[in-house]
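Structure data (mmCIF, C-alpha atoms and all ligand atoms) from final-v8.cif:
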```cif
data_coords
#
loop_
_atom_site.label_atom_id
_atom_site.label_comp_id
_atom_site.auth_asym_id
_atom_site.auth_seq_id
_atom_site.Cartn_x
_atom_site.Cartn_y
_atom_site.Cartn_z
CA MET D 39 163.29 84.95 244.85
CA SER D 40 164.68 86.53 241.72
CA ALA D 41 167.72 84.44 240.82
CA ARG D 42 167.42 82.67 237.51
CA PRO D 43 166.32 79.08 237.90
CA GLU D 44 169.48 77.02 237.47
CA GLY D 45 173.21 77.51 237.11
CA GLY D 46 174.09 81.00 236.02
CA VAL D 47 177.71 81.46 235.06
CA THR D 48 178.44 81.22 231.37
CA PRO D 49 179.39 77.67 230.37
CA ALA D 50 182.72 78.92 228.99
CA LEU D 51 183.67 80.10 232.46
CA ALA D 52 182.56 77.04 234.36
CA PRO D 53 184.96 74.12 234.11
CA GLN D 54 183.53 70.63 234.34
CA VAL D 55 184.35 69.51 237.86
CA THR D 56 183.41 65.88 238.25
CA ALA D 57 184.83 64.77 241.63
CA PRO D 58 182.65 65.65 244.64
CA PRO D 59 183.87 68.63 246.68
CA GLU D 60 185.83 68.17 249.88
CA VAL D 61 184.56 71.55 251.10
CA THR D 62 181.36 73.31 250.05
CA VAL D 63 180.84 76.92 251.08
CA VAL D 64 177.32 78.32 251.12
CA GLY D 65 177.66 82.05 251.49
CA SER D 66 178.20 85.57 250.29
CA LEU D 67 179.97 86.97 247.24
CA ASN D 68 180.69 90.69 247.44
CA MET D 69 182.66 93.33 245.64
CA ASP D 70 184.74 94.98 248.34
CA ILE D 71 185.35 98.69 247.92
CA ARG D 72 188.06 99.52 250.42
CA LEU D 73 188.82 103.12 251.30
CA THR D 74 191.96 103.69 253.36
CA VAL D 75 191.24 106.28 256.05
CA ASP D 76 193.26 107.65 258.94
CA ARG D 77 190.15 107.78 261.11
CA ILE D 78 186.45 106.89 260.92
CA PRO D 79 184.39 110.02 260.05
CA ARG D 80 181.88 111.35 262.58
CA SER D 81 178.18 111.35 261.65
CA GLY D 82 177.57 114.04 259.00
CA GLU D 83 181.28 114.55 258.34
CA THR D 84 183.10 114.16 255.00
CA ILE D 85 186.73 113.08 254.94
CA SER D 86 189.19 112.16 252.16
CA ALA D 87 190.41 108.61 251.67
CA ALA D 88 194.12 107.97 251.22
CA GLY D 89 193.52 105.06 248.82
CA LEU D 90 190.90 102.96 247.01
CA LYS D 91 190.98 99.26 246.30
CA ARG D 92 188.29 97.10 244.66
CA SER D 93 188.52 93.35 245.04
CA PRO D 94 186.27 90.29 245.20
CA GLY D 95 185.32 89.42 248.77
CA GLY D 96 182.49 88.46 251.09
CA LYS D 97 182.87 85.90 253.84
CA GLY D 98 181.69 83.09 251.56
CA ALA D 99 184.19 83.89 248.80
CA ASN D 100 187.01 84.44 251.28
CA GLN D 101 186.43 81.11 253.02
CA ALA D 102 186.03 79.23 249.75
CA VAL D 103 189.24 80.65 248.26
CA ALA D 104 191.07 80.11 251.56
CA ALA D 105 190.19 76.40 251.49
CA ALA D 106 191.14 76.10 247.81
CA ARG D 107 194.55 77.70 248.45
CA LEU D 108 195.14 75.13 251.18
CA GLY D 109 194.69 72.50 248.48
CA ARG D 110 191.05 71.52 248.89
CA ARG D 111 188.53 70.77 246.16
CA VAL D 112 185.91 73.44 246.83
CA ALA D 113 182.40 74.14 245.56
CA MET D 114 180.75 77.54 246.04
CA VAL D 115 177.01 78.03 246.47
CA GLY D 116 175.98 81.67 246.12
CA ALA D 117 174.73 84.41 243.80
CA VAL D 118 176.07 87.47 242.00
CA GLY D 119 174.43 90.15 239.87
CA ASP D 120 174.45 90.32 236.08
CA ASP D 121 177.06 93.09 236.25
CA ASP D 122 180.80 93.75 236.00
CA ALA D 123 181.33 93.07 239.69
CA GLY D 124 179.59 89.69 239.42
CA ARG D 125 181.63 88.70 236.38
CA ALA D 126 184.86 89.79 238.08
CA ILE D 127 184.05 87.72 241.16
CA THR D 128 183.08 84.61 239.20
CA THR D 129 186.17 84.86 237.00
CA ARG D 130 188.30 85.09 240.12
CA LEU D 131 186.65 82.05 241.74
CA VAL D 132 187.20 80.01 238.59
CA ALA D 133 190.84 81.13 238.46
CA GLU D 134 191.19 79.87 242.05
CA GLY D 135 189.96 76.45 240.91
CA LEU D 136 186.52 76.55 242.53
CA ASP D 137 183.49 74.70 241.24
CA VAL D 138 181.04 77.53 240.44
CA ALA D 139 178.20 75.43 239.04
CA SER D 140 176.05 76.65 241.96
CA VAL D 141 176.90 80.34 241.63
CA ALA D 142 173.69 81.79 240.18
CA ILE D 143 173.20 85.08 238.38
CA SER D 144 170.56 87.14 240.13
CA GLU D 145 168.37 89.99 239.00
CA GLN D 146 169.72 91.87 242.03
CA PRO D 147 173.06 93.67 241.77
CA THR D 148 176.16 91.98 243.14
CA GLY D 149 176.57 92.43 246.90
CA THR D 150 178.78 95.34 247.87
CA ALA D 151 180.89 95.95 250.95
CA VAL D 152 182.18 99.45 251.63
CA ILE D 153 185.16 99.06 253.91
CA LEU D 154 186.67 101.96 255.82
CA TRP D 155 190.14 100.64 256.50
CA GLU D 156 191.87 102.20 259.44
CA GLN D 157 194.89 99.96 259.53
CA PRO D 158 194.88 97.26 260.84
CA GLU D 159 191.11 97.22 261.56
CA SER D 160 188.11 97.75 259.27
CA THR D 161 184.63 99.26 259.67
CA ILE D 162 182.28 97.75 257.09
CA VAL D 163 178.85 98.51 255.61
CA ILE D 164 177.30 95.81 253.41
CA GLU D 165 174.53 95.91 250.81
CA ALA D 166 173.50 92.26 250.40
CA GLY D 167 172.20 92.57 246.83
CA ALA D 168 172.23 89.17 245.11
CA ASN D 169 173.31 87.45 248.34
CA GLY D 170 169.76 88.02 249.54
CA ASP D 171 168.59 85.39 247.03
CA VAL D 172 170.53 82.61 248.71
CA ASP D 173 167.78 81.28 250.93
CA GLU D 174 166.37 77.84 251.71
CA GLN D 175 164.51 77.53 248.41
CA PHE D 176 167.58 78.70 246.46
CA VAL D 177 169.58 75.75 247.78
CA ASP D 178 166.74 73.23 247.58
CA SER D 179 165.75 74.14 244.00
CA ARG D 180 169.20 73.68 242.43
CA ASP D 181 170.38 70.14 241.78
CA ALA D 182 174.02 71.22 241.68
CA ALA D 183 173.69 73.01 245.04
CA VAL D 184 171.92 70.06 246.67
CA ARG D 185 174.67 67.72 245.43
CA ALA D 186 177.46 70.12 246.48
CA VAL D 187 176.06 70.29 250.01
CA ALA D 188 175.16 66.59 250.28
CA ASP D 189 178.45 65.28 248.85
CA ALA D 190 180.93 67.55 250.67
CA GLN D 191 182.97 66.23 253.56
CA VAL D 192 182.74 69.65 255.22
CA VAL D 193 180.16 72.39 254.61
CA LEU D 194 181.08 75.90 255.75
CA CYS D 195 178.43 78.58 256.31
CA GLN D 196 178.28 82.18 257.55
CA CYS D 197 175.47 84.69 258.10
CA GLU D 198 175.82 87.10 255.17
CA THR D 199 173.11 85.18 253.29
CA PRO D 200 169.54 84.52 254.54
CA LEU D 201 169.44 82.13 257.49
CA GLY D 202 167.08 79.81 255.56
CA ALA D 203 170.14 78.63 253.60
CA LEU D 204 171.56 77.35 256.88
CA ALA D 205 168.41 75.31 257.49
CA ALA D 206 168.75 73.74 254.03
CA VAL D 207 172.42 72.94 254.67
CA THR D 208 171.80 71.16 257.95
CA ARG D 209 169.00 69.15 256.35
CA LEU D 210 171.02 68.09 253.28
CA ALA D 211 174.58 67.75 254.55
CA THR D 212 176.06 64.35 255.32
CA GLY D 213 179.54 65.62 256.26
CA THR D 214 180.67 67.93 259.05
CA THR D 215 178.82 71.26 259.16
CA ILE D 216 180.62 74.38 260.44
CA LEU D 217 178.83 77.68 261.15
CA ASN D 218 180.81 80.89 261.43
CA PRO D 219 177.94 83.06 262.77
CA ALA D 220 179.33 86.26 261.25
CA PRO D 221 178.43 89.06 261.10
CA ALA D 222 176.86 88.94 264.54
CA VAL D 223 173.19 88.07 264.12
CA PRO D 224 170.99 86.08 266.48
CA VAL D 225 170.72 82.69 264.75
CA PRO D 226 167.56 80.81 265.85
CA THR D 227 168.52 77.98 268.22
CA GLU D 228 166.74 75.36 266.13
CA ILE D 229 168.99 76.20 263.15
CA ARG D 230 172.18 76.81 265.15
CA ASP D 231 171.94 73.57 267.11
CA ARG D 232 171.89 71.44 263.95
CA PHE D 233 175.49 72.40 263.10
CA ASP D 234 178.38 70.25 264.28
CA VAL D 235 180.83 73.08 265.00
CA LEU D 236 180.31 76.79 265.78
CA VAL D 237 183.16 79.25 265.19
CA PRO D 238 182.17 82.70 266.58
CA ASN D 239 184.49 85.52 267.63
CA ARG D 240 183.78 86.92 271.08
CA PHE D 241 181.28 89.52 269.80
CA GLU D 242 179.37 86.95 267.75
CA LEU D 243 179.37 84.65 270.79
CA ALA D 244 177.79 87.43 272.87
CA THR D 245 175.10 87.92 270.21
CA LEU D 246 174.33 84.18 270.13
CA ALA D 247 174.11 84.23 273.93
CA GLY D 248 171.87 87.32 273.97
CA ALA D 249 174.47 89.08 276.17
CA ASN D 250 174.96 92.86 276.13
CA GLU D 251 178.74 92.68 276.36
CA ALA D 252 181.40 90.49 274.85
CA PRO D 253 183.06 88.19 277.37
CA GLY D 254 186.44 89.38 278.68
CA SER D 255 188.47 86.65 280.33
CA LEU D 256 188.91 83.12 279.04
CA ALA D 257 186.75 81.90 281.94
CA ASP D 258 183.98 84.32 280.84
CA VAL D 259 184.23 83.05 277.26
CA VAL D 260 183.94 79.43 278.34
CA ALA D 261 181.04 80.21 280.69
CA MET D 262 179.19 81.98 277.86
CA VAL D 263 179.77 79.01 275.54
CA ARG D 264 178.47 76.60 278.17
CA GLY D 265 175.44 78.88 278.60
CA LEU D 266 174.51 78.32 274.93
CA ALA D 267 173.94 74.62 275.67
CA PHE D 268 175.08 74.01 272.09
CA PRO D 269 175.11 70.25 271.45
CA GLY D 270 178.23 70.34 269.23
CA ASP D 271 181.75 71.74 269.56
CA VAL D 272 182.61 75.44 269.73
CA VAL D 273 185.82 77.26 268.77
CA VAL D 274 185.83 80.91 269.86
CA THR D 275 188.36 83.10 268.05
CA LEU D 276 189.93 85.86 270.14
CA GLY D 277 191.96 87.89 267.65
CA ALA D 278 195.59 88.31 268.72
CA ASP D 279 194.73 86.31 271.87
CA GLY D 280 194.23 83.17 269.78
CA SER D 281 191.21 80.93 270.23
CA VAL D 282 189.67 78.48 272.66
CA VAL D 283 188.29 75.08 271.73
CA VAL D 284 185.29 74.14 273.86
CA PRO D 285 184.35 70.55 273.01
CA ARG D 286 180.84 69.24 273.57
CA ASP D 287 182.27 67.04 276.31
CA GLY D 288 185.65 67.57 277.88
CA LEU D 289 187.76 70.46 279.02
CA PRO D 290 188.32 73.68 277.04
CA THR D 291 191.73 74.07 275.39
CA PRO D 292 193.18 77.53 274.70
CA VAL D 293 195.11 77.75 271.42
CA PRO D 294 197.56 80.68 271.30
CA ALA D 295 197.82 82.97 268.30
CA VAL D 296 201.07 82.87 266.36
CA ARG D 297 203.06 86.05 267.06
CA VAL D 298 203.38 88.12 263.91
CA ASP D 299 203.46 91.78 262.94
CA ALA D 300 199.85 92.09 261.82
CA ILE D 301 199.25 94.79 259.22
CA ASP D 302 195.68 93.92 258.13
CA THR D 303 193.39 91.55 260.05
CA THR D 304 190.76 91.45 257.24
CA ALA D 305 189.82 87.83 256.49
CA ALA D 306 191.71 86.47 259.54
CA GLY D 307 188.51 84.85 260.77
CA ASP D 308 187.67 83.59 257.28
CA SER D 309 191.06 81.96 256.81
CA PHE D 310 190.81 80.50 260.32
CA CYS D 311 187.46 78.85 259.49
CA ALA D 312 188.71 77.45 256.16
CA ALA D 313 191.90 76.13 257.74
CA LEU D 314 189.89 74.55 260.55
CA ALA D 315 187.93 72.66 257.89
CA ASP D 316 191.18 71.73 256.15
CA GLY D 317 192.69 70.49 259.43
CA LEU D 318 189.66 68.29 260.14
CA LEU D 319 189.95 66.87 256.59
CA ARG D 320 193.59 66.01 257.32
CA GLY D 321 192.31 63.89 260.19
CA GLU D 322 193.31 66.32 262.97
CA ASP D 323 191.13 66.60 266.05
CA LEU D 324 189.55 70.00 266.71
CA VAL D 325 192.48 71.27 268.81
CA GLY D 326 195.00 70.18 266.15
CA ALA D 327 192.86 71.81 263.46
CA ALA D 328 192.64 75.04 265.52
CA ARG D 329 196.45 75.09 265.89
CA TRP D 330 196.80 74.80 262.11
CA ALA D 331 194.11 77.45 261.65
CA ALA D 332 196.03 79.83 263.94
CA ARG D 333 199.14 79.44 261.78
CA VAL D 334 197.22 80.02 258.56
CA ALA D 335 195.28 83.03 259.96
CA ALA D 336 198.49 84.58 261.28
CA VAL D 337 199.96 84.64 257.76
CA THR D 338 196.75 86.29 256.53
CA THR D 339 197.18 89.15 259.03
CA THR D 340 200.69 89.92 257.72
CA ARG D 341 199.36 90.64 254.24
CA ASP D 342 197.24 93.40 252.83
CA GLY D 343 193.65 92.78 251.69
CA ALA D 344 191.12 89.95 251.92
CA ILE D 345 191.32 87.30 249.19
CA GLU D 346 194.82 88.49 248.21
CA SER D 347 196.07 87.83 251.73
CA LEU D 348 195.07 84.14 251.92
CA PRO D 349 198.10 81.82 251.91
CA LEU D 350 198.82 78.68 249.96
CA ALA D 351 199.50 75.68 252.22
CA ASP D 352 203.24 75.81 251.52
CA GLU D 353 203.40 79.51 252.44
CA VAL D 354 202.46 78.71 256.05
CA PRO D 355 205.59 78.50 258.24
CA ALA D 356 206.20 75.23 260.07
CA ALA D 357 204.97 75.02 263.66
CA PRO D 358 207.61 76.12 266.17
CA GLN D 359 209.11 73.06 267.91
P1 LIG O 401 187.39 87.70 263.13
O1 LIG O 401 188.20 88.27 262.02
O2 LIG O 401 186.30 86.79 262.66
O3 LIG O 401 186.93 88.70 264.16
P2 LIG O 401 189.55 87.03 264.92
O4 LIG O 401 189.94 88.47 264.90
O5 LIG O 401 189.21 86.41 266.23
O6 LIG O 401 188.38 86.70 263.89
O7 LIG O 401 190.78 86.23 264.25
C1 LIG O 401 190.69 84.88 263.88
C2 LIG O 401 192.01 84.21 264.20
O8 LIG O 401 193.04 84.86 263.45
C3 LIG O 401 192.45 84.29 265.66
O9 LIG O 401 191.92 83.22 266.42
C4 LIG O 401 193.96 84.20 265.53
O10 LIG O 401 194.37 82.84 265.45
C5 LIG O 401 194.24 84.89 264.18
N1 LIG O 401 194.61 86.31 264.41
C6 LIG O 401 193.79 87.39 264.40
N2 LIG O 401 194.47 88.52 264.67
C7 LIG O 401 195.76 88.14 264.85
C8 LIG O 401 196.98 88.85 265.15
N3 LIG O 401 196.99 90.18 265.34
N4 LIG O 401 198.12 88.12 265.25
C9 LIG O 401 198.13 86.78 265.05
N5 LIG O 401 197.01 86.05 264.76
C10 LIG O 401 195.85 86.72 264.67
#
```
Turn the structure described in the file into structure tokens.
Amino acid sequence: MSARPEGGVTPALAPQVTAPPEVTVVGSLNMDIRLTVDRIPRSGETISAAGLKRSPGGKGANQAVAAARLGRRVAMVGAVGDDDAGRAITTRLVAEGLDVASVAISEQPTGTAVILWEQPESTIVIEAGANGDVDEQFVDSRDAAVRAVADAQVVLCQCETPLGALAAVTRLATGTTILNPAPAVPVPTEIRDRFDVLVPNRFELATLAGANEAPGSLADVVAMVRGLAFPGDVVVTLGADGSVVVPRDGLPTPVPAVRVDAIDTTAAGDSFCAALADGLLRGEDLVGAARWAARVAAVTTTRDGAIESLPLADEVPAAPQ
């Protein structure tokens, strides 16, 4: 582990946040370098990009900012490099009102995502960099991180940081724990099963299930979820087909997507996860929270970019009657 022992961001940047977080996100912080392309190049081929955009991203940052824009008090646990990208990300998180006391400065460079954007979909290559520091010991050895995880009403995690961080979260958390197992990696059952809620897309579900192909029909999705024998609740996101809530006991409930003209689906899943947490904090049940999440994620798909596309609560249109 090469992150410096405690804290990290300069004191001038880090506001004193005293109230415990409603949502704590343990996850990745990346600099996204997005190249607009009209097609994905073949192996060995060079093509020209039609545009370049650099912006803070990473599933952790996206989910944390998404929750903050919905009005939640959010703490971020993660790491950046001692470089311009790291400073830009941290400055952005602070500007969004996040508690960054547990964002450490690593000896590794800030994580980087190179995104080939072939509207509206993306093909992404990630270099984890500093995110690789965020393991079990990283969480356990920082008082601020332990408090942020233990005090939060909801803790949101993904899989762009070492899976040991997930083990620490499930050990320390007292609130609801949500795992978005993205990108698709096989999460050991003993870690996975300690979360309260799993939110995979259909490809991540197939990876968790050890299946070669993503499930097609809704019945196939539900059968694959049941095959996991996961002791908590599962919400499978299905892109423009919406999502399906599969509770630990009880019948599955499909939740339709909101019809919009999607121009960029980047961060749709991230905003869905954050809004699901927000809905649960409002006292909604999982189906109610998933309906809210569908409305929030739909807005995200109508806007360009990742963090830039995440809506404020009052920018989300009212539910159709
Ligand atoms: P991920 O980005 O993790 O693959 P999905 O693509 O399944 O996640 O999208 C997450 C959620 O975002 C969906 O369940 C849906 O509610 C919403 N969403 C995604 N794509 C669209 C779309 N084209 N139109 C409307 N809503 C969408």
TODO: Point out the residue among D:Ala295, D:Met69, D:Ile229, D:Ala183 with the least atom-to-atom distance to ligand LIG 401 (chain O), counting only C-alpha atoms and all ligand atoms.
DONE: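 Looking only at the distances to ligand LIG 401 (chain O), the closest residue turns out to be D:Ala295.
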- [ ] Would you kindly return, as a ChimeraX atom specification, each protein, DNA or RNA residue with an atom no farther than 9 Å from any atom of Thr275 of chain D, considering only C-alpha atoms and excluding same-chain residues fewer than 2 positions away?
- [x] /D:237-240,273,277-283,307,310
TODO: Could you tell me which of D:Arg110, D:Arg333, D:Arg130, D:Arg80 comes closest to ligand LIG 401 (chain O) if we count all atoms listed in the file?
DONE: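 Among D:Arg110, D:Arg333, D:Arg130, D:Arg80, it is D:Arg333 that comes nearest to ligand LIG 401 (chain O).
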Open item on the list: Show me which residues line ligand LIG 401 (chain O), defined as having an atom within 10 Å of a ligand atom where only C-alpha atoms and all ligand atoms count, and present them as a ChimeraX atom specification.
Closed with: /D:97,158-160,218-222,237-242,273-282,293-311,328-340
Export, as a JSON list (two decimals), in the coordinates of the input, the selected residues with C-alpha atoms.
```json
[["chain", "number", "residue", "atom", "x", "y", "z"],
["D", 97, "LYS", "CA", 182.87, 85.90, 253.84],
["D", 158, "PRO", "CA", 194.88, 97.26, 260.84],
["D", 159, "GLU", "CA", 191.11, 97.22, 261.56],
["D", 160, "SER", "CA", 188.11, 97.75, 259.27],
["D", 218, "ASN", "CA", 180.81, 80.89, 261.43],
["D", 219, "PRO", "CA", 177.94, 83.06, 262.77],
["D", 220, "ALA", "CA", 179.33, 86.26, 261.25],
["D", 221, "PRO", "CA", 178.43, 89.06, 261.10],
["D", 222, "ALA", "CA", 176.86, 88.94, 264.54],
["D", 237, "VAL", "CA", 183.16, 79.25, 265.19],
["D", 238, "PRO", "CA", 182.17, 82.70, 266.58],
["D", 239, "ASN", "CA", 184.49, 85.52, 267.63],
["D", 240, "ARG", "CA", 183.78, 86.92, 271.08],
["D", 241, "PHE", "CA", 181.28, 89.52, 269.80],
["D", 242, "GLU", "CA", 179.37, 86.95, 267.75],
["D", 273, "VAL", "CA", 185.82, 77.26, 268.77],
["D", 274, "VAL", "CA", 185.83, 80.91, 269.86],
["D", 275, "THR", "CA", 188.36, 83.10, 268.05],
["D", 276, "LEU", "CA", 189.93, 85.86, 270.14],
["D", 277, "GLY", "CA", 191.96, 87.89, 267.65],
["D", 278, "ALA", "CA", 195.59, 88.31, 268.72],
["D", 279, "ASP", "CA", 194.73, 86.31, 271.87],
["D", 280, "GLY", "CA", 194.23, 83.17, 269.78],
["D", 281, "SER", "CA", 191.21, 80.93, 270.23],
["D", 282, "VAL", "CA", 189.67, 78.48, 272.66],
["D", 293, "VAL", "CA", 195.11, 77.75, 271.42],
["D", 294, "PRO", "CA", 197.56, 80.68, 271.30],
["D", 295, "ALA", "CA", 197.82, 82.97, 268.30],
["D", 296, "VAL", "CA", 201.07, 82.87, 266.36],
["D", 297, "ARG", "CA", 203.06, 86.05, 267.06],
["D", 298, "VAL", "CA", 203.38, 88.12, 263.91],
["D", 299, "ASP", "CA", 203.46, 91.78, 262.94],
["D", 300, "ALA", "CA", 199.85, 92.09, 261.82],
["D", 301, "ILE", "CA", 199.25, 94.79, 259.22],
["D", 302, "ASP", "CA", 195.68, 93.92, 258.13],
["D", 303, "THR", "CA", 193.39, 91.55, 260.05],
["D", 304, "THR", "CA", 190.76, 91.45, 257.24],
["D", 305, "ALA", "CA", 189.82, 87.83, 256.49],
["D", 306, "ALA", "CA", 191.71, 86.47, 259.54],
["D", 307, "GLY", "CA", 188.51, 84.85, 260.77],
["D", 308, "ASP", "CA", 187.67, 83.59, 257.28],
["D", 309, "SER", "CA", 191.06, 81.96, 256.81],
["D", 310, "PHE", "CA", 190.81, 80.50, 260.32],
["D", 311, "CYS", "CA", 187.46, 78.85, 259.49],
["D", 328, "ALA", "CA", 192.64, 75.04, 265.52],
["D", 329, "ARG", "CA", 196.45, 75.09, 265.89],
["D", 330, "TRP", "CA", 196.80, 74.80, 262.11],
["D", 331, "ALA", "CA", 194.11, 77.45, 261.65],
["D", 332, "ALA", "CA", 196.03, 79.83, 263.94],
["D", 333, "ARG", "CA", 199.14, 79.44, 261.78],
["D", 334, "VAL", "CA", 197.22, 80.02, 258.56],
["D", 335, "ALA", "CA", 195.28, 83.03, 259.96],
["D", 336, "ALA", "CA", 198.49, 84.58, 261.28],
["D", 337, "VAL", "CA", 199.96, 84.64, 257.76],
["D", 338, "THR", "CA", 196.75, 86.29, 256.53],
["D", 339, "THR", "CA", 197.18, 89.15, 259.03],
["D", 340, "THR", "CA", 200.69, 89.92, 257.72]]
```
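For the residues D:Thr129, D:Asn169, D:Thr212, D:Thr291, ranking by smallest atom-to-atom distance to Cys197 of chain D using all atoms listed in the file places D:Asn169 first.
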Open item on the list: Just checking: using only C-alpha atoms, which residue out of D:Gly265, D:Gly135, D:Gly82, D:Pro94 ends up closest to Ala151 of chain D?
Closed with: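 Checking each candidate against Ala151 of chain D, we get D:Pro94 as the closest.
One finds atom CA of Ile164 of chain D at 16.2 Å from atom CA of Ile78 of chain D.
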